[in-house]
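Before any comments, here is the structure.
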Amino acid sequence: SNEDSAQSAVIGGGLFNSIPFTGGGSFIGAGTANLAEQEGDFVGAGDSNHIYAEGSAIAAGGNGSIGTTSYESFIGAGYENTIDTASPYSSIVGGVMNLIQGQTSAFASGQAPDHSFIGGGLGNVVNDHYDVITGGRGNAELTSIFESGFNFIGGGDSNLIGVGCYGNALNGGKNNLLCNAYGVVGGGLGNLVAGPDAFDVIAGGLGNQIGVTQHAGYASYCTIGGGDSNTIMHYS
């Protein structure tokens, strides 16, 4: 049976769905073992979808979760997608095992990943604010105590925008790493833009690098169009 203990709340059908007394004005349409714990939550259907934040919604899918204080967040569907604690105004549209990771995580030491977005894909992670991953597999954007966020990963496989980086775009490819300010990696395999630099671009290719050296200095406003194993280092 379903359990509805809240004022002005509705459970349309299904089995083992629950709205506790804290979930006033919430709605569960159908499905199995869904939970709408706070005020104004919405679960359309699916299995074992759980909401712990006010004004949030999970439309369908399975094992979706929206954590506490991640208010006004949204999961469309998919399986095991999670918006962690302290990640308000965030969205995961679909896919499998995607994560918007809140300040309880091992990586998060500064800014909450609010206003972040994952479109779909498999195993993508956002850990910063105003960040976007549209799809792909195993892509990640990480935060720090320094200024960061406003990053974009279009897709691909195992691409990373690193800690303390902001305003970057990594469009696709595989195993690319971008840690810059307003930098771009268009695609390719194993390309790397890193260091205290800005406005660097690697359009594509294999194993190209900008700003990777043990020496101090900067390598800003640099471009590698493509090719294999090209390097632009810091000047000292």
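Ligands are numbered from 1 in the order shown, residues from 1 within each chain, and chains are lettered A, B, ... in the order they appear in the structure tokens.
Residues lying within 8 Å of region 175-178 of chain A, counting only C-alpha atoms and ignoring same-chain neighbours fewer than 2 positions away, are Asp157, Ser158, Asn159, Leu160, Ile161, Gly162, Asn168, Leu170, Gly173, Asn180, Gly183, Val184, Val185, Gly187, Gly188, Leu189, Gly190, Asn191, Leu192, Val193 and Ala194 of chain A.
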Expected file contents, prior selection, all heavy atoms, as a CSV table (one decimal), in the first residue's frame:
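Saved the output as selection16.csv:
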chain,number,residue,atom,x,y,z
A,157,ASP,N,34.5,10.7,-24.1
A,157,ASP,CA,34.8,9.6,-23.1
A,157,ASP,C,36.0,10.0,-22.2
A,157,ASP,O,37.1,10.3,-22.7
A,157,ASP,CB,35.2,8.4,-23.9
A,157,ASP,CG,35.3,7.1,-23.0
A,157,ASP,OD1,35.2,7.3,-21.8
A,157,ASP,OD2,35.6,6.1,-23.5
A,158,SER,N,35.7,10.0,-20.9
A,158,SER,CA,36.8,10.3,-19.9
A,158,SER,C,37.5,11.6,-20.1
A,158,SER,O,38.7,11.6,-19.9
A,158,SER,CB,37.8,9.1,-19.9
A,158,SER,OG,37.1,7.8,-19.7
A,159,ASN,N,36.8,12.6,-20.4
A,159,ASN,CA,37.4,13.9,-20.5
A,159,ASN,C,37.3,14.6,-19.1
A,159,ASN,O,36.3,14.4,-18.4
A,159,ASN,CB,36.7,14.8,-21.6
A,159,ASN,CG,37.0,14.2,-22.9
A,159,ASN,OD1,38.1,14.0,-23.4
A,159,ASN,ND2,35.9,13.9,-23.6
A,160,LEU,N,38.2,15.5,-18.8
A,160,LEU,CA,38.2,16.1,-17.5
A,160,LEU,C,38.5,17.6,-17.6
A,160,LEU,O,39.5,18.0,-18.2
A,160,LEU,CB,39.3,15.5,-16.6
A,160,LEU,CG,39.6,16.1,-15.2
A,160,LEU,CD1,38.4,16.0,-14.3
A,160,LEU,CD2,40.8,15.4,-14.6
A,161,ILE,N,37.7,18.4,-16.9
A,161,ILE,CA,38.1,19.8,-16.6
A,161,ILE,C,38.4,19.9,-15.2
A,161,ILE,O,37.6,19.6,-14.3
A,161,ILE,CB,36.9,20.8,-17.0
A,161,ILE,CG1,36.7,20.8,-18.5
A,161,ILE,CG2,37.3,22.2,-16.5
A,161,ILE,CD1,35.6,21.7,-19.0
A,162,GLY,N,39.7,20.3,-14.9
A,162,GLY,CA,40.3,20.1,-13.6
A,162,GLY,C,39.9,21.2,-12.5
A,162,GLY,O,39.1,22.1,-12.8
A,168,ASN,N,35.8,27.2,-19.4
A,168,ASN,CA,36.4,26.4,-20.4
A,168,ASN,C,35.4,25.6,-21.2
A,168,ASN,O,34.3,25.4,-20.7
A,168,ASN,CB,37.4,25.4,-19.7
A,168,ASN,CG,38.6,26.1,-19.1
A,168,ASN,OD1,39.4,26.6,-19.7
A,168,ASN,ND2,38.5,26.1,-17.7
A,170,LEU,N,35.3,22.0,-23.4
A,170,LEU,CA,35.9,20.7,-23.9
A,170,LEU,C,34.8,20.0,-24.7
A,170,LEU,O,33.9,19.4,-24.1
A,170,LEU,CB,36.4,19.9,-22.8
A,170,LEU,CG,37.6,18.9,-23.0
A,170,LEU,CD1,38.2,18.4,-21.7
A,170,LEU,CD2,37.1,17.7,-23.8
A,173,GLY,N,35.9,14.1,-27.8
A,173,GLY,CA,37.1,13.3,-27.8
A,173,GLY,C,37.2,12.4,-26.6
A,173,GLY,O,36.3,12.1,-25.9
A,180,ASN,N,42.4,25.5,-17.4
A,180,ASN,CA,42.8,26.8,-17.9
A,180,ASN,C,41.8,27.8,-17.5
A,180,ASN,O,40.8,27.5,-16.8
A,180,ASN,CB,42.9,26.6,-19.5
A,180,ASN,CG,43.8,27.6,-20.2
A,180,ASN,OD1,43.3,28.4,-21.0
A,180,ASN,ND2,45.1,27.6,-19.8
A,183,GLY,N,39.8,28.4,-21.8
A,183,GLY,CA,40.5,27.5,-22.7
A,183,GLY,C,39.5,26.7,-23.5
A,183,GLY,O,38.4,26.5,-23.1
A,184,VAL,N,40.0,26.0,-24.6
A,184,VAL,CA,39.2,25.2,-25.5
A,184,VAL,C,40.1,24.0,-25.9
A,184,VAL,O,41.2,24.1,-26.3
A,184,VAL,CB,38.8,25.9,-26.7
A,184,VAL,CG1,38.0,25.0,-27.7
A,184,VAL,CG2,37.9,27.1,-26.4
A,185,VAL,N,39.4,22.8,-25.7
A,185,VAL,CA,39.9,21.6,-26.4
A,185,VAL,C,38.8,21.1,-27.3
A,185,VAL,O,37.7,20.8,-26.8
A,185,VAL,CB,40.3,20.5,-25.5
A,185,VAL,CG1,40.7,19.2,-26.2
A,185,VAL,CG2,41.6,20.9,-24.6
A,187,GLY,N,38.6,18.4,-29.4
A,187,GLY,CA,38.4,17.0,-29.4
A,187,GLY,C,39.8,16.3,-29.5
A,187,GLY,O,40.8,16.8,-29.0
A,188,GLY,N,39.8,15.1,-30.1
A,188,GLY,CA,41.0,14.4,-30.2
A,188,GLY,C,41.2,13.4,-29.0
A,188,GLY,O,40.3,13.2,-28.3
A,189,LEU,N,42.5,12.9,-28.9
A,189,LEU,CA,42.8,11.9,-27.9
A,189,LEU,C,44.0,12.4,-27.1
A,189,LEU,O,45.1,12.6,-27.7
A,189,LEU,CB,43.1,10.6,-28.6
A,189,LEU,CG,43.6,9.4,-27.7
A,189,LEU,CD1,42.5,9.1,-26.7
A,189,LEU,CD2,44.0,8.2,-28.6
A,190,GLY,N,43.8,12.4,-25.8
A,190,GLY,CA,45.0,12.6,-24.9
A,190,GLY,C,45.6,14.0,-25.0
A,190,GLY,O,46.8,14.1,-24.7
A,191,ASN,N,44.8,15.0,-25.3
A,191,ASN,CA,45.3,16.4,-25.4
A,191,ASN,C,45.3,17.0,-24.0
A,191,ASN,O,44.3,16.7,-23.2
A,191,ASN,CB,44.6,17.2,-26.4
A,191,ASN,CG,44.8,16.7,-27.8
A,191,ASN,OD1,45.9,16.6,-28.3
A,191,ASN,ND2,43.6,16.3,-28.5
A,192,LEU,N,46.2,17.9,-23.7
A,192,LEU,CA,46.3,18.5,-22.4
A,192,LEU,C,46.6,20.0,-22.4
A,192,LEU,O,47.6,20.4,-23.1
A,192,LEU,CB,47.5,17.8,-21.6
A,192,LEU,CG,47.9,18.3,-20.3
A,192,LEU,CD1,46.7,18.2,-19.3
A,192,LEU,CD2,49.0,17.5,-19.7
A,193,VAL,N,45.7,20.7,-21.8
A,193,VAL,CA,46.0,22.2,-21.6
A,193,VAL,C,45.9,22.4,-20.1
A,193,VAL,O,44.9,22.2,-19.4
A,193,VAL,CB,44.9,23.0,-22.3
A,193,VAL,CG1,45.1,24.5,-21.9
A,193,VAL,CG2,44.9,22.8,-23.8
A,194,ALA,N,47.1,22.8,-19.5
A,194,ALA,CA,47.1,22.9,-18.0
A,194,ALA,C,48.1,24.0,-17.6
A,194,ALA,O,49.0,24.4,-18.4
A,194,ALA,CB,47.5,21.6,-17.4
Report task. Once DSSP has gone over the backbone, tell me which residues of region 77-167 of chain A are in strand (DSSP E), as number ranges by chain. Result -> A: 82-83, 91-92, 99-100, 117-118, 125-126, 132-133, 140-141, 152-153, 160-161
Requested in this report: Show which residues sit within 6 Å of Tyr71 (chain A), as an MDAnalysis selection string. Count only C-alpha atoms, and ignore same-chain residues fewer than 4 positions away.
Outcome: chainID A and resid 53:56 88
Requested in this report: Provide the CA of Gly29 (chain A) to CA of Ser5 (chain A) distance in Å, to one decimal place.
Outcome: 15.6 Å
Report task. Give me, please, the distance in Å between CA of Gly121 (chain A) and CA of Gly95 (chain A), quoted to one decimal. Result -> 4.7 Å
Query raised in the report: What's the 9 Å shell around Tyr79 (chain A), counting only C-alpha atoms, without same-chain residues fewer than 6 positions away, as a ChimeraX atom specification?
Result: /A:61-64,94-98
Those residues with N, CA and C atoms, as a PDB file, in the first residue's frame please?
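Now in again19.pdb:
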ATOM      1  N   GLY A  61      11.941   6.950 -14.318  1.00  0.00           N
ATOM      2  CA  GLY A  61      13.211   6.254 -14.196  1.00  0.00           C
ATOM      3  C   GLY A  61      13.298   5.459 -12.908  1.00  0.00           C
ATOM      4  N   GLY A  62      14.524   5.036 -12.568  1.00  0.00           N
ATOM      5  CA  GLY A  62      14.718   4.208 -11.395  1.00  0.00           C
ATOM      6  C   GLY A  62      15.903   4.635 -10.562  1.00  0.00           C
ATOM      7  N   ASN A  63      15.760   4.517  -9.238  1.00  0.00           N
ATOM      8  CA  ASN A  63      16.827   4.814  -8.281  1.00  0.00           C
ATOM      9  C   ASN A  63      17.396   6.221  -8.448  1.00  0.00           C
ATOM     10  N   GLY A  64      16.594   7.162  -8.860  1.00  0.00           N
ATOM     11  CA  GLY A  64      17.005   8.560  -8.908  1.00  0.00           C
ATOM     12  C   GLY A  64      16.928   9.179  -7.523  1.00  0.00           C
ATOM     13  N   GLY A  94      18.672  12.699 -18.216  1.00  0.00           N
ATOM     14  CA  GLY A  94      18.555  11.252 -18.354  1.00  0.00           C
ATOM     15  C   GLY A  94      19.909  10.587 -18.264  1.00  0.00           C
ATOM     16  N   GLY A  95      19.971   9.370 -18.776  1.00  0.00           N
ATOM     17  CA  GLY A  95      21.218   8.623 -18.745  1.00  0.00           C
ATOM     18  C   GLY A  95      21.301   7.692 -17.556  1.00  0.00           C
ATOM     19  N   VAL A  96      22.527   7.203 -17.292  1.00  0.00           N
ATOM     20  CA  VAL A  96      22.747   6.193 -16.264  1.00  0.00           C
ATOM     21  C   VAL A  96      23.912   6.608 -15.365  1.00  0.00           C
ATOM     22  N   MET A  97      23.691   6.593 -14.073  1.00  0.00           N
ATOM     23  CA  MET A  97      24.722   6.818 -13.055  1.00  0.00           C
ATOM     24  C   MET A  97      25.447   8.148 -13.246  1.00  0.00           C
ATOM     25  N   ASN A  98      24.736   9.163 -13.634  1.00  0.00           N
ATOM     26  CA  ASN A  98      25.285  10.515 -13.680  1.00  0.00           C
ATOM     27  C   ASN A  98      25.127  11.168 -12.310  1.00  0.00           C
TER      28      ASN A  98
END
Report task. Can you work out which one of A:Gly167, A:Gly207, A:Gly226, A:Gly67 has the shortest atom-to-atom distance to Tyr89 (chain A), counting only C-alpha atoms? Result -> A:Gly67
Report task. Quick one: everything within 10 Å of region 12-16 of chain A, counting only C-alpha atoms, minus sequence neighbours fewer than 4 positions away in the same chain. Send it as a VMD selection string. Result -> chain A and resid 1 to 3 27 to 35 44 to 48
Only C-alpha atoms, please: the residues just picked out, written as a compact mmCIF listing (two decimals), in the first residue's frame.
# COMPACT_ATOMS: atom_id res chain seq x y z
CA SER A 1 0.00 0.00 0.00
CA ASN A 2 0.97 3.67 -0.34
CA GLU A 3 1.50 6.09 2.56
CA PHE A 27 2.55 14.49 -5.74
CA ILE A 28 3.44 10.93 -6.71
CA GLY A 29 1.69 9.70 -9.82
CA ALA A 30 2.48 5.99 -9.85
CA GLY A 31 5.32 3.48 -9.69
CA THR A 32 6.94 1.62 -6.80
CA ALA A 33 8.75 2.72 -3.63
CA ASN A 34 9.00 6.38 -4.59
CA LEU A 35 9.45 9.09 -1.93
CA GLY A 44 5.76 11.13 -11.88
CA ALA A 45 6.43 7.42 -11.84
CA GLY A 46 9.26 4.90 -11.86
CA ASP A 47 10.91 2.81 -9.17
CA SER A 48 12.72 3.86 -5.97
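For the residues A:Gly186, A:Gly205, A:Gly164, A:Gly149, ranking by smallest atom-to-atom distance to Asp228 (chain A) using only C-alpha atoms places A:Gly205 first.
CA of Ile232 (chain A) is positioned 8.6 Å from CA of Asn208 (chain A).
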Give me the residues of region 51-111 of chain A that have any atom at most 6 Å from an atom of region 125-140 of chain A; for each, the nearest atom pair and the distance in Å, rounded to one decimal. Use only C-alpha atoms, sort by chain and number, and format it as a tab-separated table.
residue	atom	partner	partner_atom	distance
A:Leu99	CA	A:Val125	CA	4.8
A:Ile100	CA	A:Val126	CA	4.8
A:Gln101	CA	A:Asn127	CA	5.0
Requested write-out: N, CA and C atoms of the selected residues, as a compact mmCIF listing (two decimals), in the first residue's frame:
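Saved as result_18.txt:
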# COMPACT_ATOMS: atom_id res chain seq x y z
N LEU A 99 26.06 12.09 -11.98
CA LEU A 99 26.11 12.64 -10.63
C LEU A 99 26.44 14.13 -10.65
N ILE A 100 25.60 14.94 -10.02
CA ILE A 100 25.95 16.31 -9.65
C ILE A 100 26.28 16.24 -8.17
N GLN A 101 27.56 16.42 -7.86
CA GLN A 101 28.12 16.03 -6.58
C GLN A 101 28.25 17.23 -5.67
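The shortest atom-to-atom distance to Asp114 (chain A), with only C-alpha atoms taken into account, belongs to A:Ser70 out of A:Ser70, A:Thr82, A:Ile202, A:Gly155.
Taking only C-alpha atoms into account, Gly76 (chain A) lies nearest to A:Phe42 out of the set A:Phe42, A:Phe199, A:Tyr182, A:Phe21.
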